[in-house]
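Next comes my_file_39.pdb, a file with PDB, C-alpha atoms and all ligand atoms.
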```
ATOM      1  CA  MET Y   1       4.409  15.220  -3.914
ATOM      2  CA  LYS Y   2       1.200  13.437  -4.887
ATOM      3  CA  LEU Y   3       2.063   9.836  -5.375
ATOM      4  CA  ILE Y   4       0.204   6.566  -5.791
ATOM      5  CA  PHE Y   5       1.894   3.220  -5.170
ATOM      6  CA  ILE Y   6       0.652   0.250  -7.154
ATOM      7  CA  GLY Y   7       2.018  -3.217  -6.573
ATOM      8  CA  PRO Y   8       0.986  -6.711  -5.569
ATOM      9  CA  PRO Y   9       0.496  -7.523  -1.875
ATOM     10  CA  GLY Y  10       3.904  -7.734  -0.231
ATOM     11  CA  SER Y  11       5.724  -5.844  -2.994
ATOM     12  CA  GLY Y  12       7.064  -3.259  -0.526
ATOM     13  CA  LYS Y  13       4.525  -0.458  -0.965
ATOM     14  CA  GLY Y  14       4.220   0.207   2.755
ATOM     15  CA  THR Y  15       7.942  -0.111   3.441
ATOM     16  CA  GLN Y  16       8.872   2.343   0.685
ATOM     17  CA  ALA Y  17       5.913   4.706   1.152
ATOM     18  CA  GLN Y  18       6.765   5.209   4.812
ATOM     19  CA  GLN Y  19      10.380   6.219   4.044
ATOM     20  CA  LEU Y  20       9.363   8.477   1.165
ATOM     21  CA  ALA Y  21       6.697  10.181   3.255
ATOM     22  CA  ALA Y  22       9.214  10.919   6.002
ATOM     23  CA  ARG Y  23      11.729  12.306   3.545
ATOM     24  CA  HIS Y  24       9.249  14.469   1.629
ATOM     25  CA  GLY Y  25       7.117  15.615   4.556
ATOM     26  CA  VAL Y  26       3.772  14.353   3.268
ATOM     27  CA  PRO Y  27       1.375  11.901   4.935
ATOM     28  CA  HIS Y  28       1.573   8.181   4.151
ATOM     29  CA  ILE Y  29      -2.013   7.094   3.609
ATOM     30  CA  SER Y  30      -2.477   3.326   3.692
ATOM     31  CA  THR Y  31      -6.036   2.107   3.186
ATOM     32  CA  GLY Y  32      -5.012  -1.292   4.555
ATOM     33  CA  ASP Y  33      -3.827   0.353   7.809
ATOM     34  CA  MET Y  34      -7.019   2.435   7.998
ATOM     35  CA  LEU Y  35      -9.179  -0.657   7.554
ATOM     36  CA  ARG Y  36      -7.191  -2.634  10.140
ATOM     37  CA  GLU Y  37      -7.720   0.236  12.584
ATOM     38  CA  ALA Y  38     -11.456   0.183  11.898
ATOM     39  CA  VAL Y  39     -11.520  -3.567  12.507
ATOM     40  CA  ALA Y  40      -9.598  -3.178  15.784
ATOM     41  CA  ASP Y  41     -11.968  -0.384  16.907
ATOM     42  CA  GLY Y  42     -15.026  -2.456  15.968
ATOM     43  CA  THR Y  43     -16.624   0.347  13.909
ATOM     44  CA  GLU Y  44     -19.415  -0.265  11.357
ATOM     45  CA  LEU Y  45     -16.834  -0.086   8.581
ATOM     46  CA  GLY Y  46     -14.597  -2.524  10.462
ATOM     47  CA  LYS Y  47     -17.429  -5.011  10.887
ATOM     48  CA  LYS Y  48     -18.168  -4.936   7.158
ATOM     49  CA  ALA Y  49     -14.515  -5.106   6.109
ATOM     50  CA  ALA Y  50     -13.213  -7.803   8.500
ATOM     51  CA  PRO Y  51     -14.547 -10.954   6.785
ATOM     52  CA  ILE Y  52     -13.670  -9.630   3.319
ATOM     53  CA  MET Y  53     -10.100  -8.839   4.368
ATOM     54  CA  ALA Y  54      -9.665 -12.166   6.128
ATOM     55  CA  ALA Y  55     -10.619 -13.979   2.933
ATOM     56  CA  GLY Y  56      -8.302 -11.852   0.775
ATOM     57  CA  GLY Y  57     -11.084 -10.107  -1.163
ATOM     58  CA  LEU Y  58     -11.540  -6.413  -1.937
ATOM     59  CA  VAL Y  59     -13.737  -4.133   0.180
ATOM     60  CA  PRO Y  60     -16.508  -2.562  -1.987
ATOM     61  CA  ASP Y  61     -15.542   0.509  -4.020
ATOM     62  CA  ASP Y  62     -18.195   2.852  -2.557
ATOM     63  CA  LEU Y  63     -16.888   2.279   0.981
ATOM     64  CA  MET Y  64     -13.257   2.769  -0.070
ATOM     65  CA  ILE Y  65     -13.980   5.932  -2.050
ATOM     66  CA  GLY Y  66     -15.806   7.397   0.963
ATOM     67  CA  ILE Y  67     -12.827   6.689   3.232
ATOM     68  CA  ILE Y  68     -10.315   8.269   0.845
ATOM     69  CA  LYS Y  69     -12.476  11.299   0.175
ATOM     70  CA  ASP Y  70     -12.632  11.994   3.928
ATOM     71  CA  ARG Y  71      -8.942  11.392   4.454
ATOM     72  CA  LEU Y  72      -7.787  13.597   1.566
ATOM     73  CA  SER Y  73      -9.981  16.451   2.759
ATOM     74  CA  ARG Y  74      -7.924  16.724   5.945
ATOM     75  CA  ASP Y  75      -5.470  19.642   6.197
ATOM     76  CA  ASP Y  76      -2.299  17.568   6.227
ATOM     77  CA  ALA Y  77      -3.092  16.115   2.781
ATOM     78  CA  HIS Y  78      -3.575  19.425   0.993
ATOM     79  CA  LYS Y  79       0.053  19.869  -0.047
ATOM     80  CA  GLY Y  80       0.574  16.270  -1.001
ATOM     81  CA  PHE Y  81       0.262  12.625  -0.003
ATOM     82  CA  ILE Y  82       1.456   9.127  -0.706
ATOM     83  CA  LEU Y  83      -1.331   6.649  -1.311
ATOM     84  CA  ASP Y  84      -0.522   3.038  -0.497
ATOM     85  CA  GLY Y  85      -3.184   0.502  -1.424
ATOM     86  CA  PHE Y  86      -5.575   2.869  -3.202
ATOM     87  CA  PRO Y  87      -6.787   2.879  -5.972
ATOM     88  CA  ARG Y  88      -7.083  -0.886  -6.392
ATOM     89  CA  THR Y  89      -9.789  -0.884  -9.081
ATOM     90  CA  VAL Y  90     -10.355   1.262 -12.169
ATOM     91  CA  GLU Y  91     -13.582   2.522 -10.568
ATOM     92  CA  GLN Y  92     -11.549   3.790  -7.580
ATOM     93  CA  ALA Y  93      -9.008   5.427  -9.922
ATOM     94  CA  GLU Y  94     -11.743   7.237 -11.850
ATOM     95  CA  LYS Y  95     -13.380   8.520  -8.663
ATOM     96  CA  LEU Y  96     -10.015   9.625  -7.264
ATOM     97  CA  GLU Y  97      -9.593  11.840 -10.325
ATOM     98  CA  GLY Y  98     -12.732  13.748  -9.339
ATOM     99  CA  ILE Y  99     -11.660  13.997  -5.681
ATOM    100  CA  VAL Y 100      -8.279  15.605  -6.458
ATOM    101  CA  ALA Y 101      -9.468  17.549  -9.522
ATOM    102  CA  GLY Y 102      -9.886  20.876  -7.713
ATOM    103  CA  ASN Y 103      -6.643  20.564  -5.716
ATOM    104  CA  GLU Y 104      -3.832  23.007  -6.242
ATOM    105  CA  GLY Y 105      -0.271  21.860  -6.863
ATOM    106  CA  GLU Y 106       1.373  18.944  -8.550
ATOM    107  CA  LYS Y 107      -0.115  16.352 -10.870
ATOM    108  CA  LEU Y 108      -0.564  12.790  -9.620
ATOM    109  CA  LYS Y 109       2.410  10.507 -10.150
ATOM    110  CA  VAL Y 110       1.946   6.762 -10.162
ATOM    111  CA  LEU Y 111       4.648   4.297  -9.322
ATOM    112  CA  GLN Y 112       4.313   0.580  -9.935
ATOM    113  CA  LEU Y 113       6.561  -1.798  -7.989
ATOM    114  CA  LEU Y 114       7.355  -4.881 -10.048
ATOM    115  CA  VAL Y 115       7.799  -8.076  -8.040
ATOM    116  CA  PRO Y 116       7.018 -11.566  -9.411
ATOM    117  CA  ASP Y 117       4.446 -13.755  -7.644
ATOM    118  CA  GLU Y 118       7.014 -16.360  -6.454
ATOM    119  CA  ALA Y 119       8.953 -13.682  -4.563
ATOM    120  CA  ILE Y 120       5.728 -12.319  -3.057
ATOM    121  CA  VAL Y 121       4.793 -15.598  -1.444
ATOM    122  CA  LYS Y 122       8.224 -15.797   0.254
ATOM    123  CA  ARG Y 123       8.106 -12.210   1.452
ATOM    124  CA  ILE Y 124       4.682 -12.462   2.976
ATOM    125  CA  ALA Y 125       5.459 -15.712   4.801
ATOM    126  CA  LEU Y 126       8.153 -13.885   6.811
ATOM    127  CA  ARG Y 127       6.374 -10.520   7.181
ATOM    128  CA  ARG Y 128       5.692  -9.440  10.752
ATOM    129  CA  SER Y 129       3.549  -6.414  11.573
ATOM    130  CA  CYS Y 130       3.004  -4.245  14.602
ATOM    131  CA  PRO Y 131      -0.693  -4.315  15.554
ATOM    132  CA  GLN Y 132      -0.258  -1.067  17.503
ATOM    133  CA  CYS Y 133       1.627   1.340  15.182
ATOM    134  CA  GLY Y 134       1.571  -0.461  11.818
ATOM    135  CA  ALA Y 135       5.361  -0.824  11.461
ATOM    136  CA  VAL Y 136       6.352  -3.643   9.114
ATOM    137  CA  TYR Y 137       9.284  -6.035   9.448
ATOM    138  CA  HIS Y 138      10.680  -9.069   7.666
ATOM    139  CA  LEU Y 139      12.327 -11.841   9.652
ATOM    140  CA  GLU Y 140      15.238 -12.036   7.177
ATOM    141  CA  HIS Y 141      15.444  -8.754   5.275
ATOM    142  CA  ASN Y 142      14.328  -6.245   7.901
ATOM    143  CA  PRO Y 143      14.213  -7.836  11.363
ATOM    144  CA  PRO Y 144      13.356  -5.901  14.541
ATOM    145  CA  THR Y 145      16.287  -5.253  16.893
ATOM    146  CA  LYS Y 146      14.718  -7.409  19.606
ATOM    147  CA  ASP Y 147      12.957 -10.639  18.576
ATOM    148  CA  ASN Y 148       9.255 -10.069  18.004
ATOM    149  CA  VAL Y 149       9.202  -6.590  19.577
ATOM    150  CA  CYS Y 150       8.388  -3.410  17.624
ATOM    151  CA  ASP Y 151      11.401  -1.022  17.446
ATOM    152  CA  ARG Y 152       9.089   1.967  17.252
ATOM    153  CA  CYS Y 153       6.551   1.340  20.019
ATOM    154  CA  GLY Y 154       7.552  -1.800  21.915
ATOM    155  CA  ALA Y 155       4.393  -3.800  21.133
ATOM    156  CA  GLY Y 156       4.575  -7.519  20.324
ATOM    157  CA  LEU Y 157       4.719  -8.301  16.594
ATOM    158  CA  ILE Y 158       2.219 -10.519  14.795
ATOM    159  CA  ALA Y 159       1.795 -12.246  11.460
ATOM    160  CA  ARG Y 160      -1.236 -10.550   9.864
ATOM    161  CA  PRO Y 161      -4.268 -12.864   9.888
ATOM    162  CA  ASP Y 162      -4.615 -12.431   6.099
ATOM    163  CA  ASP Y 163      -0.954 -13.365   5.512
ATOM    164  CA  ASN Y 164      -1.849 -17.046   5.287
ATOM    165  CA  GLU Y 165      -1.351 -18.980   2.074
ATOM    166  CA  SER Y 166      -4.940 -19.156   0.864
ATOM    167  CA  ALA Y 167      -5.670 -15.452   1.499
ATOM    168  CA  VAL Y 168      -2.379 -14.493  -0.192
ATOM    169  CA  ARG Y 169      -3.344 -16.505  -3.248
ATOM    170  CA  LYS Y 170      -6.729 -14.750  -3.341
ATOM    171  CA  ARG Y 171      -5.083 -11.338  -2.965
ATOM    172  CA  LEU Y 172      -2.662 -12.046  -5.810
ATOM    173  CA  GLU Y 173      -5.597 -13.086  -7.966
ATOM    174  CA  ALA Y 174      -7.457  -9.867  -7.101
ATOM    175  CA  PHE Y 175      -4.317  -7.898  -7.931
ATOM    176  CA  HIS Y 176      -3.962  -9.435 -11.385
ATOM    177  CA  ARG Y 177      -7.645  -9.183 -12.224
ATOM    178  CA  GLN Y 178      -8.613  -5.834 -10.673
ATOM    179  CA  THR Y 179      -5.502  -3.778  -9.902
ATOM    180  CA  LEU Y 180      -3.263  -4.391 -12.929
ATOM    181  CA  PRO Y 181      -5.921  -2.679 -15.082
ATOM    182  CA  VAL Y 182      -5.347   0.397 -12.876
ATOM    183  CA  ALA Y 183      -1.683   0.414 -13.986
ATOM    184  CA  THR Y 184      -2.845   0.203 -17.613
ATOM    185  CA  TYR Y 185      -5.261   3.064 -16.962
ATOM    186  CA  TYR Y 186      -2.446   5.330 -15.735
ATOM    187  CA  LYS Y 187      -0.105   4.129 -18.487
ATOM    188  CA  SER Y 188      -2.594   5.385 -21.044
ATOM    189  CA  LYS Y 189      -2.392   8.786 -19.340
ATOM    190  CA  SER Y 190       1.426   8.643 -19.358
ATOM    191  CA  ALA Y 191       1.488   8.962 -15.582
ATOM    192  CA  LEU Y 192       3.017   5.558 -14.827
ATOM    193  CA  ARG Y 193       6.595   4.865 -13.699
ATOM    194  CA  GLU Y 194       7.628   1.247 -13.346
ATOM    195  CA  VAL Y 195      10.323   0.312 -10.833
ATOM    196  CA  ASP Y 196      11.951  -3.061 -10.137
ATOM    197  CA  GLY Y 197      10.951  -3.899  -6.543
ATOM    198  CA  GLN Y 198      13.485  -6.701  -6.054
ATOM    199  CA  GLY Y 199      16.806  -6.405  -4.256
ATOM    200  CA  PRO Y 200      17.739  -4.699  -0.966
ATOM    201  CA  ILE Y 201      15.181  -2.250   0.467
ATOM    202  CA  ASP Y 202      17.642   0.693   0.245
ATOM    203  CA  GLU Y 203      18.387  -0.011  -3.409
ATOM    204  CA  VAL Y 204      14.704  -0.092  -4.263
ATOM    205  CA  PHE Y 205      14.330   3.231  -2.433
ATOM    206  CA  GLU Y 206      17.091   4.808  -4.540
ATOM    207  CA  ARG Y 207      15.474   3.504  -7.735
ATOM    208  CA  ILE Y 208      12.182   5.075  -6.685
ATOM    209  CA  GLU Y 209      13.776   8.450  -5.914
ATOM    210  CA  LYS Y 210      15.525   8.412  -9.301
ATOM    211  CA  SER Y 211      12.380   7.566 -11.172
ATOM    212  CA  LEU Y 212      10.500  10.404  -9.427
ATOM    213  CA  ALA Y 213      13.227  13.023  -9.952
TER     214      ALA Y 213
HETATM  215  P1  LIG Y 301      -1.208  -5.659   1.127
HETATM  216  O1  LIG Y 301      -0.182  -5.335   2.162
HETATM  217  O2  LIG Y 301      -1.438  -7.111   0.967
HETATM  218  O3  LIG Y 301      -1.021  -4.958  -0.186
HETATM  219  P2  LIG Y 301      -3.167  -3.901   2.365
HETATM  220  O4  LIG Y 301      -2.679  -3.732   3.742
HETATM  221  O5  LIG Y 301      -2.976  -2.768   1.409
HETATM  222  O6  LIG Y 301      -2.620  -5.241   1.737
HETATM  223  O7  LIG Y 301      -4.714  -4.240   2.395
HETATM  224  C1  LIG Y 301      -5.228  -5.303   3.195
HETATM  225  C2  LIG Y 301      -6.645  -5.622   2.773
HETATM  226  O8  LIG Y 301      -7.480  -4.460   2.935
HETATM  227  C3  LIG Y 301      -6.826  -6.002   1.295
HETATM  228  O9  LIG Y 301      -6.576  -7.375   1.064
HETATM  229  C4  LIG Y 301      -8.288  -5.625   1.056
HETATM  230  O10 LIG Y 301      -9.165  -6.595   1.601
HETATM  231  C5  LIG Y 301      -8.434  -4.363   1.891
HETATM  232  N1  LIG Y 301      -8.170  -3.133   1.112
HETATM  233  C6  LIG Y 301      -7.161  -2.235   1.318
HETATM  234  N2  LIG Y 301      -7.210  -1.238   0.420
HETATM  235  C7  LIG Y 301      -8.286  -1.505  -0.382
HETATM  236  C8  LIG Y 301      -8.867  -0.844  -1.512
HETATM  237  N3  LIG Y 301      -8.356   0.296  -2.007
HETATM  238  N4  LIG Y 301      -9.951  -1.422  -2.081
HETATM  239  C9  LIG Y 301     -10.491  -2.554  -1.595
HETATM  240  N5  LIG Y 301     -10.001  -3.223  -0.551
HETATM  241  C10 LIG Y 301      -8.905  -2.708   0.072
HETATM  242  P1  LIG Y 302       3.089  -4.120   0.855
HETATM  243  O1  LIG Y 302       2.801  -2.847   1.607
HETATM  244  O2  LIG Y 302       3.221  -3.893  -0.627
HETATM  245  O3  LIG Y 302       2.128  -5.218   1.183
HETATM  246  P2  LIG Y 302       5.377  -4.430   2.666
HETATM  247  O4  LIG Y 302       6.059  -3.108   2.630
HETATM  248  O5  LIG Y 302       4.554  -4.764   3.842
HETATM  249  O6  LIG Y 302       4.511  -4.629   1.293
HETATM  250  O7  LIG Y 302       6.490  -5.550   2.444
HETATM  251  C1  LIG Y 302       6.151  -6.940   2.473
HETATM  252  C2  LIG Y 302       7.221  -7.723   3.225
HETATM  253  O8  LIG Y 302       8.430  -7.755   2.471
HETATM  254  C3  LIG Y 302       7.581  -7.108   4.569
HETATM  255  O9  LIG Y 302       7.916  -8.173   5.446
HETATM  256  C4  LIG Y 302       8.810  -6.253   4.250
HETATM  257  O10 LIG Y 302       9.666  -6.098   5.379
HETATM  258  C5  LIG Y 302       9.489  -7.073   3.157
HETATM  259  N1  LIG Y 302      10.170  -6.279   2.145
HETATM  260  C6  LIG Y 302       9.885  -5.027   1.708
HETATM  261  N2  LIG Y 302      10.743  -4.638   0.738
HETATM  262  C7  LIG Y 302      11.593  -5.678   0.548
HETATM  263  C8  LIG Y 302      12.726  -5.906  -0.321
HETATM  264  N3  LIG Y 302      13.141  -4.981  -1.205
HETATM  265  N4  LIG Y 302      13.329  -7.106  -0.239
HETATM  266  C9  LIG Y 302      12.923  -8.050   0.636
HETATM  267  N5  LIG Y 302      11.890  -7.890   1.480
HETATM  268  C10 LIG Y 302      11.226  -6.730   1.441
HETATM  269 ZN    ZN Y 303       4.849  -0.616  16.775
END
```
Can you turn what I pasted into structure tokens?
Ligand code: ADP
Ligand code: ADP
Ligand code: ZN
Amino acid sequence: MKLIFIGPPGSGKGTQAQQLAARHGVPHISTGDMLREAVADGTELGKKAAPIMAAGGLVPDDLMIGIIKDRLSRDDAHKGFILDGFPRTVEQAEKLEGIVAGNEGEKLKVLQLLVPDEAIVKRIALRRSCPQCGAVYHLEHNPPTKDNVCDRCGAGLIARPDDNESAVRKRLEAFHRQTLPVATYYKSKSALREVDGQGPIDEVFERIEKSLA
């Protein structure tokens, strides 16, 4: 399986990608998680990315393409992968083509999760994330067993610093302006599957599996 998830912030890319990756035995590669790790570790990349992420902007293409090229060259990604959060610009999509061109195996599939902006704002307001392992919860739709504690690793949960209203608005704007053209790009190559991302998490998962079958 070589799959790309496209969808606005908070559309459920991470939630669905994680389950799919576990079921299909391929790595879940989230550029957002990789960047947050770099910020937490205080690397050069993290220092460059932190203010951009906090404001809800996009990290420059050349940096992102470098990160993905490295990650996809690792052994575990040779048989397949699920990309969550990349490509976010047409430039990134074009460069990705070159990176996977020589790879054996399946063609890239692209899945777009459709969720309207009004629903996004509500989802993100109640999203809680684990700063240690990256697990994602929702206070109403997917709460942790114990209040504010990660089921997977026991760390305390946080609201992501960029999950505030002004950064969310900026991210939605960036999605419409820079990432929707990526969906159009894949549509023109007949690689795009569109899936309704609303409704219970399990139902969305079933829809995704059907559309990939
Ligand atoms: P969301 O959950 O809102 O979709 P992510 O966790 O995927 O967000 O990404 C968080 C932030 O990291 C983005 O707002 C952006 O600043 C940065 N980022 C992640 N992936 C990319 C990318 N492919 N290109 C540019 N910036 C990125
Ligand atoms: P993304 O990776 O696209 O930013 P997430 O997977 O982090 O999105 O989901 C955003 C928030 O919405 C999280 O709090 C998550 O638990 C919740 N969520 C995910 N899927 C659904 C769904 N189908 N219905 C309601 N809430 C959802
Ligand atoms: Zn955790």
Give me, as a ChimeraX atom specification, the set of residues whose atoms come within 9 Å of any atom of ligand LIG 302 (chain Y), counting all atoms listed in the file. /Y:5-18,30,32,84-85,113,119-120,122-129,135-143,197-205
List all protein, DNA and RNA residues that have at least one atom no more than 8 Å from any atom of ligand ZN 303 (chain Y), counting only C-alpha atoms and all ligand atoms, and write them as a CSV table (one decimal) with C-alpha atoms, keeping the file's coordinate frame.
```csv
chain,number,residue,atom,x,y,z
Y,129,SER,CA,3.5,-6.4,11.6
Y,130,CYS,CA,3.0,-4.2,14.6
Y,131,PRO,CA,-0.7,-4.3,15.6
Y,132,GLN,CA,-0.3,-1.1,17.5
Y,133,CYS,CA,1.6,1.3,15.2
Y,134,GLY,CA,1.6,-0.5,11.8
Y,135,ALA,CA,5.4,-0.8,11.5
Y,149,VAL,CA,9.2,-6.6,19.6
Y,150,CYS,CA,8.4,-3.4,17.6
Y,151,ASP,CA,11.4,-1.0,17.4
Y,152,ARG,CA,9.1,2.0,17.3
Y,153,CYS,CA,6.6,1.3,20.0
Y,154,GLY,CA,7.6,-1.8,21.9
Y,155,ALA,CA,4.4,-3.8,21.1
Y,156,GLY,CA,4.6,-7.5,20.3
Y,157,LEU,CA,4.7,-8.3,16.6
```
Please tabulate, as JSON lines, the residues of chain Y that come within 9 Å of ligand LIG 301 (chain Y), each with its closest pair of atoms and the distance in Å to one decimal, counting all atoms listed in the file and ordering rows by chain, then residue number upward.
```
{"residue": "Y:Ile6", "atom": "CA", "partner": "Y:LIG301", "partner_atom": "O3", "distance": 8.9}
{"residue": "Y:Gly7", "atom": "CA", "partner": "Y:LIG301", "partner_atom": "O3", "distance": 7.3}
{"residue": "Y:Pro8", "atom": "CA", "partner": "Y:LIG301", "partner_atom": "O3", "distance": 6.0}
{"residue": "Y:Pro9", "atom": "CA", "partner": "Y:LIG301", "partner_atom": "O3", "distance": 3.4}
{"residue": "Y:Gly10", "atom": "CA", "partner": "Y:LIG301", "partner_atom": "O1", "distance": 5.3}
{"residue": "Y:Ser11", "atom": "CA", "partner": "Y:LIG301", "partner_atom": "O3", "distance": 7.4}
{"residue": "Y:Gly12", "atom": "CA", "partner": "Y:LIG301", "partner_atom": "O1", "distance": 8.0}
{"residue": "Y:Lys13", "atom": "CA", "partner": "Y:LIG301", "partner_atom": "O3", "distance": 7.2}
{"residue": "Y:Gly14", "atom": "CA", "partner": "Y:LIG301", "partner_atom": "O1", "distance": 7.1}
{"residue": "Y:Ser30", "atom": "CA", "partner": "Y:LIG301", "partner_atom": "O5", "distance": 6.5}
{"residue": "Y:Thr31", "atom": "CA", "partner": "Y:LIG301", "partner_atom": "N2", "distance": 4.5}
{"residue": "Y:Gly32", "atom": "CA", "partner": "Y:LIG301", "partner_atom": "O4", "distance": 3.5}
{"residue": "Y:Asp33", "atom": "CA", "partner": "Y:LIG301", "partner_atom": "O4", "distance": 5.9}
{"residue": "Y:Met34", "atom": "CA", "partner": "Y:LIG301", "partner_atom": "C6", "distance": 8.2}
{"residue": "Y:Leu35", "atom": "CA", "partner": "Y:LIG301", "partner_atom": "O8", "distance": 6.2}
{"residue": "Y:Arg36", "atom": "CA", "partner": "Y:LIG301", "partner_atom": "O8", "distance": 7.4}
{"residue": "Y:Ala49", "atom": "CA", "partner": "Y:LIG301", "partner_atom": "O10", "distance": 7.2}
{"residue": "Y:Ala50", "atom": "CA", "partner": "Y:LIG301", "partner_atom": "O10", "distance": 8.1}
{"residue": "Y:Pro51", "atom": "CA", "partner": "Y:LIG301", "partner_atom": "O10", "distance": 8.7}
{"residue": "Y:Ile52", "atom": "CA", "partner": "Y:LIG301", "partner_atom": "O10", "distance": 5.7}
{"residue": "Y:Met53", "atom": "CA", "partner": "Y:LIG301", "partner_atom": "O10", "distance": 3.7}
{"residue": "Y:Ala54", "atom": "CA", "partner": "Y:LIG301", "partner_atom": "O10", "distance": 7.2}
{"residue": "Y:Ala55", "atom": "CA", "partner": "Y:LIG301", "partner_atom": "O10", "distance": 7.6}
{"residue": "Y:Gly56", "atom": "CA", "partner": "Y:LIG301", "partner_atom": "O9", "distance": 4.8}
{"residue": "Y:Gly57", "atom": "CA", "partner": "Y:LIG301", "partner_atom": "O10", "distance": 4.9}
{"residue": "Y:Leu58", "atom": "CA", "partner": "Y:LIG301", "partner_atom": "N5", "distance": 3.8}
{"residue": "Y:Val59", "atom": "CA", "partner": "Y:LIG301", "partner_atom": "N5", "distance": 3.9}
{"residue": "Y:Pro60", "atom": "CA", "partner": "Y:LIG301", "partner_atom": "C9", "distance": 6.0}
{"residue": "Y:Asp61", "atom": "CA", "partner": "Y:LIG301", "partner_atom": "N4", "distance": 6.2}
{"residue": "Y:Leu63", "atom": "CA", "partner": "Y:LIG301", "partner_atom": "C9", "distance": 8.4}
{"residue": "Y:Met64", "atom": "CA", "partner": "Y:LIG301", "partner_atom": "N4", "distance": 5.7}
{"residue": "Y:Ile65", "atom": "CA", "partner": "Y:LIG301", "partner_atom": "N3", "distance": 8.0}
{"residue": "Y:Ile68", "atom": "CA", "partner": "Y:LIG301", "partner_atom": "N3", "distance": 8.7}
{"residue": "Y:Asp84", "atom": "CA", "partner": "Y:LIG301", "partner_atom": "O5", "distance": 6.6}
{"residue": "Y:Gly85", "atom": "CA", "partner": "Y:LIG301", "partner_atom": "O5", "distance": 4.3}
{"residue": "Y:Phe86", "atom": "CA", "partner": "Y:LIG301", "partner_atom": "N3", "distance": 4.0}
{"residue": "Y:Pro87", "atom": "CA", "partner": "Y:LIG301", "partner_atom": "N3", "distance": 5.0}
{"residue": "Y:Arg88", "atom": "CA", "partner": "Y:LIG301", "partner_atom": "N3", "distance": 4.7}
{"residue": "Y:Thr89", "atom": "CA", "partner": "Y:LIG301", "partner_atom": "N4", "distance": 7.0}
{"residue": "Y:Gln92", "atom": "CA", "partner": "Y:LIG301", "partner_atom": "N3", "distance": 7.3}
{"residue": "Y:Ile124", "atom": "CA", "partner": "Y:LIG301", "partner_atom": "O2", "distance": 8.4}
{"residue": "Y:Asp162", "atom": "CA", "partner": "Y:LIG301", "partner_atom": "O9", "distance": 7.4}
{"residue": "Y:Asp163", "atom": "CA", "partner": "Y:LIG301", "partner_atom": "O2", "distance": 7.7}
{"residue": "Y:Ala167", "atom": "CA", "partner": "Y:LIG301", "partner_atom": "O9", "distance": 8.1}
{"residue": "Y:Val168", "atom": "CA", "partner": "Y:LIG301", "partner_atom": "O2", "distance": 7.5}
{"residue": "Y:Lys170", "atom": "CA", "partner": "Y:LIG301", "partner_atom": "O9", "distance": 8.6}
{"residue": "Y:Arg171", "atom": "CA", "partner": "Y:LIG301", "partner_atom": "O9", "distance": 5.8}
{"residue": "Y:Leu172", "atom": "CA", "partner": "Y:LIG301", "partner_atom": "O2", "distance": 8.5}
{"residue": "Y:Ala174", "atom": "CA", "partner": "Y:LIG301", "partner_atom": "O9", "distance": 8.6}
{"residue": "Y:Phe175", "atom": "CA", "partner": "Y:LIG301", "partner_atom": "O3", "distance": 8.9}
```
Residue neighbourhood range 103-107 of chain Y, 9 Å, only C-alpha atoms, exclusion window fewer than 6 positions, as a list in words: Met1, Lys2, Leu3, His78, Lys79, Gly80 and Ala191 of chain Y
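Taking CA of Ile82 in chain Y and CA of Val121 in chain Y as endpoints, the distance between them is 25.0 Å.
The two atoms in question, CA of Lys47 in chain Y and CA of Ile4 in chain Y, are spaced 26.9 Å apart.
Interatomic distance, CA of Lys69 in chain Y against CA of Ser211 in chain Y: 27.6 Å.
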Decode the PyMOL selection byres (((chain Y and resi 184-186) around 12) and not hetatm) for the given file into explicit residues and return them as an MDAnalysis selection string. chainID Y and resid 4:6 87:94 97 108:112 176:183 187:194
Taking C-alpha atoms for each residue, export the selection above as an mmCIF file, in the coordinates of the input.
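selection19.cif was written with the following content:
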```cif
data_model
loop_
_atom_site.group_PDB
_atom_site.id
_atom_site.type_symbol
_atom_site.label_atom_id
_atom_site.label_comp_id
_atom_site.auth_asym_id
_atom_site.auth_seq_id
_atom_site.Cartn_x
_atom_site.Cartn_y
_atom_site.Cartn_z
ATOM 1 C CA ILE Y 4 0.204 6.566 -5.791
ATOM 2 C CA PHE Y 5 1.894 3.220 -5.170
ATOM 3 C CA ILE Y 6 0.652 0.250 -7.154
ATOM 4 C CA PRO Y 87 -6.787 2.879 -5.972
ATOM 5 C CA ARG Y 88 -7.083 -0.886 -6.392
ATOM 6 C CA THR Y 89 -9.789 -0.884 -9.081
ATOM 7 C CA VAL Y 90 -10.355 1.262 -12.169
ATOM 8 C CA GLU Y 91 -13.582 2.522 -10.568
ATOM 9 C CA GLN Y 92 -11.549 3.790 -7.580
ATOM 10 C CA ALA Y 93 -9.008 5.427 -9.922
ATOM 11 C CA GLU Y 94 -11.743 7.237 -11.850
ATOM 12 C CA GLU Y 97 -9.593 11.840 -10.325
ATOM 13 C CA LEU Y 108 -0.564 12.790 -9.620
ATOM 14 C CA LYS Y 109 2.410 10.507 -10.150
ATOM 15 C CA VAL Y 110 1.946 6.762 -10.162
ATOM 16 C CA LEU Y 111 4.648 4.297 -9.322
ATOM 17 C CA GLN Y 112 4.313 0.580 -9.935
ATOM 18 C CA HIS Y 176 -3.962 -9.435 -11.385
ATOM 19 C CA ARG Y 177 -7.645 -9.183 -12.224
ATOM 20 C CA GLN Y 178 -8.613 -5.834 -10.673
ATOM 21 C CA THR Y 179 -5.502 -3.778 -9.902
ATOM 22 C CA LEU Y 180 -3.263 -4.391 -12.929
ATOM 23 C CA PRO Y 181 -5.921 -2.679 -15.082
ATOM 24 C CA VAL Y 182 -5.347 0.397 -12.876
ATOM 25 C CA ALA Y 183 -1.683 0.414 -13.986
ATOM 26 C CA LYS Y 187 -0.105 4.129 -18.487
ATOM 27 C CA SER Y 188 -2.594 5.385 -21.044
ATOM 28 C CA LYS Y 189 -2.392 8.786 -19.340
ATOM 29 C CA SER Y 190 1.426 8.643 -19.358
ATOM 30 C CA ALA Y 191 1.488 8.962 -15.582
ATOM 31 C CA LEU Y 192 3.017 5.558 -14.827
ATOM 32 C CA ARG Y 193 6.595 4.865 -13.699
ATOM 33 C CA GLU Y 194 7.628 1.247 -13.346
#
```
